[in-house]
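For reference, target-v9.txt (compact mmCIF, N, CA and C atoms):
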# COMPACT_ATOMS: atom_id res chain seq x y z
N MET A 1 141.23 -81.23 45.69
CA MET A 1 142.55 -81.54 46.21
C MET A 1 143.58 -81.33 45.11
N SER A 2 144.79 -81.02 45.44
CA SER A 2 145.82 -80.67 44.47
C SER A 2 146.57 -81.87 43.91
N GLY A 3 146.03 -83.07 44.05
CA GLY A 3 146.70 -84.25 43.54
C GLY A 3 147.67 -84.87 44.52
N GLN A 4 147.90 -84.23 45.65
CA GLN A 4 148.79 -84.78 46.67
C GLN A 4 147.99 -85.65 47.61
N GLU A 5 148.57 -86.78 48.00
CA GLU A 5 147.91 -87.64 48.97
C GLU A 5 148.02 -87.05 50.36
N GLU A 6 146.93 -87.15 51.10
CA GLU A 6 146.95 -86.68 52.48
C GLU A 6 147.61 -87.75 53.35
N ILE A 7 148.53 -87.33 54.19
CA ILE A 7 149.21 -88.25 55.09
C ILE A 7 148.37 -88.38 56.36
N GLU A 8 148.13 -89.60 56.77
CA GLU A 8 147.34 -89.83 57.98
C GLU A 8 148.24 -90.33 59.10
N PHE A 9 148.01 -89.81 60.29
CA PHE A 9 148.76 -90.19 61.48
C PHE A 9 147.79 -90.70 62.53
N SER A 10 148.28 -91.55 63.41
CA SER A 10 147.50 -91.93 64.59
C SER A 10 147.85 -90.97 65.71
N ALA A 11 147.02 -90.93 66.73
CA ALA A 11 147.31 -90.09 67.90
C ALA A 11 148.64 -90.50 68.52
N ASP A 12 148.90 -91.79 68.60
CA ASP A 12 150.16 -92.27 69.20
C ASP A 12 151.37 -91.78 68.40
N GLU A 13 151.25 -91.75 67.07
CA GLU A 13 152.36 -91.26 66.24
C GLU A 13 152.61 -89.77 66.47
N VAL A 14 151.54 -88.99 66.58
CA VAL A 14 151.69 -87.55 66.84
C VAL A 14 152.31 -87.33 68.22
N ILE A 15 151.84 -88.06 69.22
CA ILE A 15 152.38 -87.94 70.58
C ILE A 15 153.88 -88.25 70.57
N ALA A 16 154.28 -89.31 69.89
CA ALA A 16 155.69 -89.70 69.84
C ALA A 16 156.52 -88.69 69.05
N ASN A 17 156.04 -88.29 67.87
CA ASN A 17 156.81 -87.37 67.00
C ASN A 17 156.99 -86.00 67.63
N LEU A 18 156.02 -85.54 68.42
CA LEU A 18 156.12 -84.22 69.03
C LEU A 18 156.57 -84.27 70.49
N SER A 19 156.87 -85.49 70.99
CA SER A 19 157.31 -85.68 72.38
C SER A 19 156.32 -85.06 73.36
N LEU A 20 155.04 -85.38 73.19
CA LEU A 20 154.00 -84.85 74.06
C LEU A 20 153.90 -85.68 75.34
N ALA A 21 153.51 -85.02 76.42
CA ALA A 21 153.34 -85.67 77.72
C ALA A 21 151.87 -85.51 78.16
N PRO A 22 151.39 -86.36 79.07
CA PRO A 22 150.02 -86.21 79.55
C PRO A 22 149.78 -84.82 80.15
N HIS A 23 148.61 -84.26 79.86
CA HIS A 23 148.21 -82.94 80.38
C HIS A 23 147.24 -83.14 81.54
N PRO A 24 147.32 -82.32 82.59
CA PRO A 24 146.42 -82.48 83.74
C PRO A 24 144.93 -82.40 83.37
N GLU A 25 144.59 -81.68 82.29
CA GLU A 25 143.19 -81.57 81.86
C GLU A 25 142.76 -82.70 80.95
N GLY A 26 143.66 -83.60 80.60
CA GLY A 26 143.37 -84.67 79.65
C GLY A 26 144.12 -84.41 78.36
N GLY A 27 144.25 -85.42 77.55
CA GLY A 27 145.02 -85.29 76.33
C GLY A 27 146.51 -85.21 76.63
N HIS A 28 147.26 -84.63 75.70
CA HIS A 28 148.72 -84.53 75.82
C HIS A 28 149.17 -83.14 75.41
N PHE A 29 150.37 -82.72 75.84
CA PHE A 29 150.86 -81.39 75.52
C PHE A 29 152.37 -81.33 75.56
N ARG A 30 152.88 -80.24 75.05
CA ARG A 30 154.30 -79.87 75.20
C ARG A 30 154.38 -78.37 74.98
N THR A 31 155.10 -77.69 75.84
CA THR A 31 155.31 -76.27 75.64
C THR A 31 156.25 -76.09 74.47
N MET A 32 155.80 -75.32 73.47
CA MET A 32 156.62 -75.06 72.27
C MET A 32 157.52 -73.86 72.48
N ALA A 33 157.00 -72.85 73.16
CA ALA A 33 157.78 -71.62 73.31
C ALA A 33 157.35 -70.92 74.58
N ARG A 34 158.30 -70.31 75.24
CA ARG A 34 158.05 -69.48 76.41
C ARG A 34 158.92 -68.26 76.24
N ASP A 35 158.34 -67.08 76.39
CA ASP A 35 159.08 -65.85 76.17
C ASP A 35 159.32 -65.14 77.49
N PRO A 36 160.44 -65.44 78.16
CA PRO A 36 160.74 -64.77 79.43
C PRO A 36 161.07 -63.30 79.22
N GLY A 37 161.32 -62.89 77.97
CA GLY A 37 161.60 -61.48 77.69
C GLY A 37 160.42 -60.59 78.06
N MET A 38 159.21 -61.17 78.12
CA MET A 38 158.05 -60.39 78.51
C MET A 38 158.00 -60.18 80.01
N ALA A 39 158.92 -60.81 80.75
CA ALA A 39 158.93 -60.67 82.21
C ALA A 39 159.14 -59.21 82.61
N ALA A 40 159.79 -58.42 81.77
CA ALA A 40 159.98 -57.00 82.06
C ALA A 40 158.64 -56.28 82.14
N CYS A 41 157.62 -56.85 81.47
CA CYS A 41 156.27 -56.29 81.51
C CYS A 41 155.46 -56.90 82.65
N GLY A 42 156.11 -57.76 83.43
CA GLY A 42 155.41 -58.39 84.54
C GLY A 42 154.76 -59.71 84.18
N SER A 43 155.07 -60.24 82.99
CA SER A 43 154.46 -61.50 82.59
C SER A 43 155.39 -62.25 81.64
N GLU A 44 154.94 -63.38 81.20
CA GLU A 44 155.69 -64.22 80.28
C GLU A 44 154.67 -64.83 79.33
N ALA A 45 154.97 -64.96 78.05
CA ALA A 45 154.06 -65.56 77.08
C ALA A 45 154.43 -67.02 76.87
N SER A 46 153.44 -67.86 76.51
CA SER A 46 153.73 -69.25 76.21
C SER A 46 152.82 -69.76 75.12
N THR A 47 153.30 -70.78 74.40
CA THR A 47 152.51 -71.48 73.39
C THR A 47 152.72 -72.97 73.63
N ASP A 48 151.62 -73.71 73.69
CA ASP A 48 151.66 -75.15 73.94
C ASP A 48 150.97 -75.89 72.81
N TYR A 49 151.54 -77.04 72.40
CA TYR A 49 150.82 -78.01 71.58
C TYR A 49 149.82 -78.70 72.49
N ARG A 50 148.64 -79.02 71.98
CA ARG A 50 147.68 -79.84 72.72
C ARG A 50 147.13 -80.89 71.80
N LEU A 51 147.20 -82.14 72.17
CA LEU A 51 146.57 -83.21 71.43
C LEU A 51 145.42 -83.71 72.28
N LEU A 52 144.22 -83.60 71.75
CA LEU A 52 143.02 -84.02 72.45
C LEU A 52 142.49 -85.28 71.81
N THR A 53 142.03 -86.19 72.63
CA THR A 53 141.35 -87.37 72.12
C THR A 53 139.86 -87.19 72.40
N GLY A 54 139.04 -88.17 72.08
CA GLY A 54 137.60 -88.02 72.11
C GLY A 54 136.95 -87.63 73.42
N GLU A 55 137.64 -87.79 74.55
CA GLU A 55 137.01 -87.48 75.83
C GLU A 55 136.82 -85.96 75.99
N ALA A 56 135.71 -85.58 76.57
CA ALA A 56 135.44 -84.15 76.79
C ALA A 56 136.24 -83.67 77.98
N GLY A 57 136.80 -82.49 77.86
CA GLY A 57 137.51 -81.87 78.98
C GLY A 57 136.52 -81.30 79.98
N GLU A 58 137.06 -80.86 81.09
CA GLU A 58 136.25 -80.22 82.13
C GLU A 58 136.17 -78.72 81.84
N TRP A 59 135.18 -78.06 82.42
CA TRP A 59 135.13 -76.60 82.34
C TRP A 59 136.33 -76.04 83.08
N ARG A 60 136.96 -75.02 82.53
CA ARG A 60 138.17 -74.42 83.10
C ARG A 60 138.08 -72.91 83.02
N LEU A 61 138.48 -72.24 84.09
CA LEU A 61 138.53 -70.79 84.10
C LEU A 61 139.68 -70.32 83.23
N VAL A 62 139.43 -69.36 82.35
CA VAL A 62 140.46 -68.81 81.48
C VAL A 62 141.14 -67.67 82.24
N GLU A 63 142.37 -67.93 82.71
CA GLU A 63 143.08 -66.97 83.54
C GLU A 63 143.76 -65.87 82.73
N ALA A 64 144.11 -66.17 81.49
CA ALA A 64 144.69 -65.20 80.56
C ALA A 64 144.11 -65.54 79.19
N THR A 65 143.81 -64.54 78.40
CA THR A 65 143.22 -64.80 77.08
C THR A 65 143.98 -65.91 76.37
N GLU A 66 143.24 -66.89 75.86
CA GLU A 66 143.82 -68.03 75.16
C GLU A 66 143.52 -67.91 73.67
N ILE A 67 144.54 -68.00 72.84
CA ILE A 67 144.38 -68.01 71.39
C ILE A 67 144.58 -69.46 70.95
N TRP A 68 143.52 -70.08 70.45
CA TRP A 68 143.56 -71.47 70.02
C TRP A 68 143.73 -71.55 68.52
N ALA A 69 144.60 -72.43 68.04
CA ALA A 69 144.83 -72.63 66.61
C ALA A 69 144.75 -74.12 66.29
N PHE A 70 143.97 -74.46 65.29
CA PHE A 70 143.81 -75.84 64.83
C PHE A 70 144.96 -76.19 63.90
N TYR A 71 145.54 -77.40 64.07
CA TYR A 71 146.61 -77.85 63.18
C TYR A 71 146.19 -79.02 62.31
N MET A 72 145.71 -80.10 62.93
CA MET A 72 145.37 -81.29 62.14
C MET A 72 144.50 -82.22 62.96
N GLY A 73 143.96 -83.24 62.26
CA GLY A 73 143.10 -84.21 62.91
C GLY A 73 141.64 -83.81 62.75
N ALA A 74 140.82 -84.30 63.65
CA ALA A 74 139.38 -84.01 63.62
C ALA A 74 139.13 -82.58 64.09
N PRO A 75 137.99 -82.00 63.69
CA PRO A 75 137.62 -80.68 64.23
C PRO A 75 137.57 -80.74 65.76
N MET A 76 137.72 -79.58 66.40
CA MET A 76 137.73 -79.47 67.86
C MET A 76 136.61 -78.55 68.31
N ALA A 77 135.80 -79.03 69.26
CA ALA A 77 134.77 -78.19 69.87
C ALA A 77 135.41 -77.34 70.95
N LEU A 78 135.17 -76.05 70.91
CA LEU A 78 135.64 -75.10 71.92
C LEU A 78 134.39 -74.38 72.41
N GLU A 79 133.98 -74.67 73.64
CA GLU A 79 132.81 -74.02 74.22
C GLU A 79 133.29 -72.95 75.18
N ILE A 80 132.76 -71.76 75.05
CA ILE A 80 133.17 -70.62 75.87
C ILE A 80 131.93 -70.03 76.52
N VAL A 81 131.98 -69.82 77.84
CA VAL A 81 130.89 -69.18 78.56
C VAL A 81 131.40 -67.87 79.15
N THR A 82 130.73 -66.77 78.80
CA THR A 82 131.03 -65.46 79.37
C THR A 82 129.73 -64.90 79.94
N ASP A 83 129.76 -63.67 80.42
CA ASP A 83 128.52 -63.06 80.91
C ASP A 83 127.52 -62.83 79.77
N GLN A 84 127.97 -63.02 78.52
CA GLN A 84 127.10 -62.92 77.34
C GLN A 84 126.40 -64.25 77.04
N GLY A 85 126.80 -65.33 77.73
CA GLY A 85 126.21 -66.63 77.51
C GLY A 85 127.19 -67.61 76.89
N LEU A 86 126.65 -68.75 76.40
CA LEU A 86 127.44 -69.82 75.81
C LEU A 86 127.76 -69.49 74.35
N ARG A 87 129.01 -69.68 73.98
CA ARG A 87 129.46 -69.50 72.60
C ARG A 87 130.14 -70.79 72.15
N PRO A 88 129.38 -71.68 71.47
CA PRO A 88 129.98 -72.92 71.00
C PRO A 88 130.68 -72.69 69.66
N LEU A 89 131.95 -73.10 69.56
CA LEU A 89 132.73 -72.94 68.34
C LEU A 89 133.27 -74.29 67.92
N VAL A 90 133.58 -74.42 66.64
CA VAL A 90 134.26 -75.61 66.13
C VAL A 90 135.48 -75.14 65.35
N LEU A 91 136.66 -75.54 65.81
CA LEU A 91 137.89 -75.23 65.09
C LEU A 91 138.17 -76.34 64.10
N SER A 92 138.54 -75.95 62.89
CA SER A 92 138.77 -76.90 61.80
C SER A 92 139.58 -76.18 60.72
N PRO A 93 139.89 -76.84 59.60
CA PRO A 93 140.60 -76.13 58.53
C PRO A 93 139.82 -74.91 58.03
N ASP A 94 138.50 -74.95 58.12
CA ASP A 94 137.67 -73.82 57.67
C ASP A 94 137.59 -72.68 58.68
N CYS A 95 137.82 -72.97 59.95
CA CYS A 95 137.80 -71.97 61.03
C CYS A 95 138.95 -72.34 61.97
N PRO A 96 140.19 -71.98 61.59
CA PRO A 96 141.34 -72.52 62.32
C PRO A 96 141.75 -71.80 63.59
N GLN A 97 141.11 -70.68 63.94
CA GLN A 97 141.59 -69.95 65.11
C GLN A 97 140.43 -69.30 65.84
N ALA A 98 140.54 -69.25 67.18
CA ALA A 98 139.55 -68.60 68.02
C ALA A 98 140.20 -68.19 69.33
N ALA A 99 139.58 -67.24 70.01
CA ALA A 99 140.09 -66.76 71.29
C ALA A 99 139.07 -67.00 72.39
N ALA A 100 139.57 -67.44 73.55
CA ALA A 100 138.76 -67.54 74.77
C ALA A 100 139.22 -66.40 75.68
N PRO A 101 138.33 -65.43 75.98
CA PRO A 101 138.77 -64.26 76.74
C PRO A 101 139.02 -64.54 78.22
N GLN A 102 139.91 -63.76 78.79
CA GLN A 102 140.19 -63.86 80.22
C GLN A 102 138.90 -63.71 81.01
N GLY A 103 138.74 -64.55 82.02
CA GLY A 103 137.57 -64.49 82.88
C GLY A 103 136.43 -65.38 82.42
N ALA A 104 136.50 -65.91 81.20
CA ALA A 104 135.48 -66.82 80.70
C ALA A 104 135.74 -68.23 81.24
N TRP A 105 134.80 -69.11 81.03
CA TRP A 105 134.98 -70.53 81.28
C TRP A 105 134.98 -71.21 79.93
N ARG A 106 135.85 -72.23 79.76
CA ARG A 106 135.89 -72.92 78.49
C ARG A 106 136.08 -74.41 78.68
N LYS A 107 135.64 -75.14 77.66
CA LYS A 107 135.76 -76.60 77.64
C LYS A 107 136.15 -77.01 76.22
N LEU A 108 137.02 -78.02 76.11
CA LEU A 108 137.52 -78.51 74.83
C LEU A 108 137.13 -79.96 74.62
N ARG A 109 136.95 -80.34 73.33
CA ARG A 109 136.68 -81.74 73.01
C ARG A 109 136.99 -81.98 71.54
N SER A 110 137.71 -83.06 71.26
CA SER A 110 137.91 -83.47 69.88
C SER A 110 136.61 -84.05 69.37
N LEU A 111 136.26 -83.75 68.13
CA LEU A 111 135.04 -84.29 67.54
C LEU A 111 135.31 -85.55 66.73
N GLY A 112 136.45 -86.15 66.95
CA GLY A 112 136.82 -87.40 66.28
C GLY A 112 137.80 -88.16 67.15
N ASP A 113 138.67 -88.94 66.52
CA ASP A 113 139.64 -89.72 67.28
C ASP A 113 140.65 -88.84 68.01
N TRP A 114 141.11 -87.76 67.35
CA TRP A 114 142.08 -86.86 67.97
C TRP A 114 142.14 -85.56 67.20
N THR A 115 142.64 -84.52 67.88
CA THR A 115 142.84 -83.19 67.31
C THR A 115 144.15 -82.65 67.82
N LEU A 116 144.95 -82.04 66.93
CA LEU A 116 146.16 -81.34 67.34
C LEU A 116 145.90 -79.85 67.18
N ALA A 117 146.06 -79.11 68.27
CA ALA A 117 145.85 -77.66 68.27
C ALA A 117 146.95 -77.04 69.12
N SER A 118 146.97 -75.71 69.14
CA SER A 118 147.89 -75.03 70.05
C SER A 118 147.13 -73.97 70.81
N CYS A 119 147.68 -73.60 71.95
CA CYS A 119 147.12 -72.55 72.78
C CYS A 119 148.24 -71.58 73.14
N SER A 120 148.02 -70.31 72.82
CA SER A 120 148.99 -69.26 73.17
C SER A 120 148.37 -68.34 74.20
N THR A 121 149.15 -68.00 75.23
CA THR A 121 148.68 -67.09 76.28
C THR A 121 149.78 -66.10 76.64
N ALA A 122 149.35 -64.97 77.11
CA ALA A 122 150.26 -63.98 77.70
C ALA A 122 149.48 -63.31 78.82
N PRO A 123 149.83 -63.50 80.05
CA PRO A 123 151.02 -64.20 80.52
C PRO A 123 150.88 -65.71 80.34
N GLY A 124 152.03 -66.37 80.30
CA GLY A 124 152.04 -67.82 80.18
C GLY A 124 151.51 -68.47 81.45
N LEU A 125 150.92 -69.65 81.30
CA LEU A 125 150.35 -70.36 82.45
C LEU A 125 151.08 -71.66 82.66
N ALA A 126 151.15 -72.08 83.90
CA ALA A 126 151.70 -73.40 84.22
C ALA A 126 150.62 -74.44 83.91
N ALA A 127 151.03 -75.60 83.43
CA ALA A 127 150.08 -76.64 83.05
C ALA A 127 149.22 -77.08 84.22
N ASP A 128 149.73 -76.97 85.44
CA ASP A 128 148.96 -77.43 86.59
C ASP A 128 148.10 -76.31 87.20
N ALA A 129 148.06 -75.14 86.56
CA ALA A 129 147.26 -74.03 87.05
C ALA A 129 145.85 -74.17 86.49
N VAL A 130 145.12 -75.16 86.97
CA VAL A 130 143.79 -75.45 86.44
C VAL A 130 142.77 -75.24 87.54
N GLU A 131 141.79 -74.38 87.27
CA GLU A 131 140.68 -74.21 88.20
C GLU A 131 139.42 -74.71 87.54
N THR A 132 138.70 -75.59 88.23
CA THR A 132 137.45 -76.12 87.70
C THR A 132 136.31 -75.63 88.58
N PRO A 133 135.08 -75.55 88.04
CA PRO A 133 133.98 -75.02 88.83
C PRO A 133 133.54 -75.98 89.93
N ASN A 134 133.06 -75.43 91.00
CA ASN A 134 132.49 -76.23 92.09
C ASN A 134 130.99 -76.29 91.87
N VAL A 135 130.51 -77.45 91.38
CA VAL A 135 129.08 -77.60 91.13
C VAL A 135 128.53 -78.77 91.87

Rewrite the structure of this file - the entire thing - as structure tokens.
Amino acid sequence: MSGQEEIEFSADEVIANLSLAPHPEGGHFRTMARDPGMAACGSEASTDYRLLTGEAGEWRLVEATEIWAFYMGAPMALEIVTDQGLRPLVLSPDCPQAAAPQGAWRKLRSLGDWTLASCSTAPGLAADAVETPNV
């Protein structure tokens, strides 16, 4: 460590400081950016903050490639299923970014009290556009 003290936050402090709201899949979120300029290409890009707590999310269909980036907190499990099989990943300071390809199924889970990450997509997705498997 470089001699600097690490600042610790609670999930509630992160939620308040970033003005996050409950997400339909669990955890909390806020859209950071939406690029309507891409509408000329027939789509729009978006980036969302996501704060996950210890509960496991549900499997979700990836409608547009998702680029996940780890920011802070506990490592985050990102499980991706494609026609190639299951690809379990852990996002952390050592592996801060991963992509879930369009058409895959994915599930998220914080491996501790909470994780702050972001998800970028193009085209952008509405928060309520969630499809879960019928099992």

Measuring atom to atom with only C-alpha atoms, identify which of A:Glu58, A:Glu13, A:Glu79, A:Asp113 is nearest to Ala98 in chain A. A:Glu79

One number please: atom C of Arg60 in chain A to atom C of Ser10 in chain A, in Å, one decimal.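 These atoms are spaced 26.9 Å apart.
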
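Going from CA of Leu91 in chain A over to atom C of Ala77 in chain A, you cover 6.7 Å.
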
Which residues are close to Asp83 in chain A, i.e. within 12 Å by only C-alpha atoms, leaving aside same-chain residues fewer than 5 positions away? Reply as a VMD selection string. chain A and resid 101 to 105

Output N, CA and C atoms of each residue in that selection to a file, as an mmCIF file, in the frame of the given file.
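The resulting file, out_2.cif, is reproduced below:
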data_model
loop_
_atom_site.group_PDB
_atom_site.id
_atom_site.type_symbol
_atom_site.label_atom_id
_atom_site.label_comp_id
_atom_site.auth_asym_id
_atom_site.auth_seq_id
_atom_site.Cartn_x
_atom_site.Cartn_y
_atom_site.Cartn_z
ATOM 1 N N PRO A 101 138.330 -65.430 75.980
ATOM 2 C CA PRO A 101 138.770 -64.260 76.740
ATOM 3 C C PRO A 101 139.020 -64.540 78.220
ATOM 4 N N GLN A 102 139.910 -63.760 78.790
ATOM 5 C CA GLN A 102 140.190 -63.860 80.220
ATOM 6 C C GLN A 102 138.900 -63.710 81.010
ATOM 7 N N GLY A 103 138.740 -64.550 82.020
ATOM 8 C CA GLY A 103 137.570 -64.490 82.880
ATOM 9 C C GLY A 103 136.430 -65.380 82.420
ATOM 10 N N ALA A 104 136.500 -65.910 81.200
ATOM 11 C CA ALA A 104 135.480 -66.820 80.700
ATOM 12 C C ALA A 104 135.740 -68.230 81.240
ATOM 13 N N TRP A 105 134.800 -69.110 81.030
ATOM 14 C CA TRP A 105 134.980 -70.530 81.280
ATOM 15 C C TRP A 105 134.980 -71.210 79.930
#

How far is it from atom C of Thr31 in chain A to atom C of Asp48 in chain A, in Å with one decimal?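 Separation between atom C of Thr31 in chain A and atom C of Asp48 in chain A: 5.5 Å.
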
What's the 5 Å shell around Thr115 in chain A, counting all atoms listed in the file, without same-chain residues fewer than 3 positions away, as an mmCIF file with N, CA and C atoms, in the coordinates of the input?
data_model
loop_
_atom_site.group_PDB
_atom_site.id
_atom_site.type_symbol
_atom_site.label_atom_id
_atom_site.label_comp_id
_atom_site.auth_asym_id
_atom_site.auth_seq_id
_atom_site.Cartn_x
_atom_site.Cartn_y
_atom_site.Cartn_z
ATOM 1 N N LEU A 51 147.200 -82.140 72.170
ATOM 2 C CA LEU A 51 146.570 -83.210 71.430
ATOM 3 C C LEU A 51 145.420 -83.710 72.280
ATOM 4 N N LEU A 52 144.220 -83.600 71.750
ATOM 5 C CA LEU A 52 143.020 -84.020 72.450
ATOM 6 C C LEU A 52 142.490 -85.280 71.810
ATOM 7 N N MET A 72 145.710 -80.100 62.930
ATOM 8 C CA MET A 72 145.370 -81.290 62.140
ATOM 9 C C MET A 72 144.500 -82.220 62.960
ATOM 10 N N GLY A 73 143.960 -83.240 62.260
ATOM 11 C CA GLY A 73 143.100 -84.210 62.910
ATOM 12 C C GLY A 73 141.640 -83.810 62.750
ATOM 13 N N ALA A 74 140.820 -84.300 63.650
ATOM 14 C CA ALA A 74 139.380 -84.010 63.620
ATOM 15 C C ALA A 74 139.130 -82.580 64.090
#

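Within 6.5 Å of Ser118 in chain A, once only N, CA and C atoms are used and residues closer than 4 positions along the same chain are dropped, the contacting residues are Thr47, Asp48, Tyr49, Arg50, Ile67, Trp68, Ala69, Phe70 and Tyr71 of chain A.
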
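Shortest separation to Pro75 in chain A among A:Ala122, A:Cys95, A:Ala100, A:Met32 occurs at residue A:Cys95, atoms counted being only C-alpha atoms.
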
For Leu86 in chain A, which of A:Asn17, A:Arg106, A:Glu25, A:Ala117 is the closest residue, counting only C-alpha atoms? A:Arg106

Got a sec to tell me which of range 68-125 of chain A DSSP assigns to strand (DSSP E), as number ranges by chain? A: 68-73, 76-82, 85-91, 97-100, 105-110, 114-121

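Proximity of A:Gly57, A:Leu18, A:Gly27, A:Glu63 to Lys107 in chain A, computed with all atoms listed in the file, is greatest for A:Gly57.
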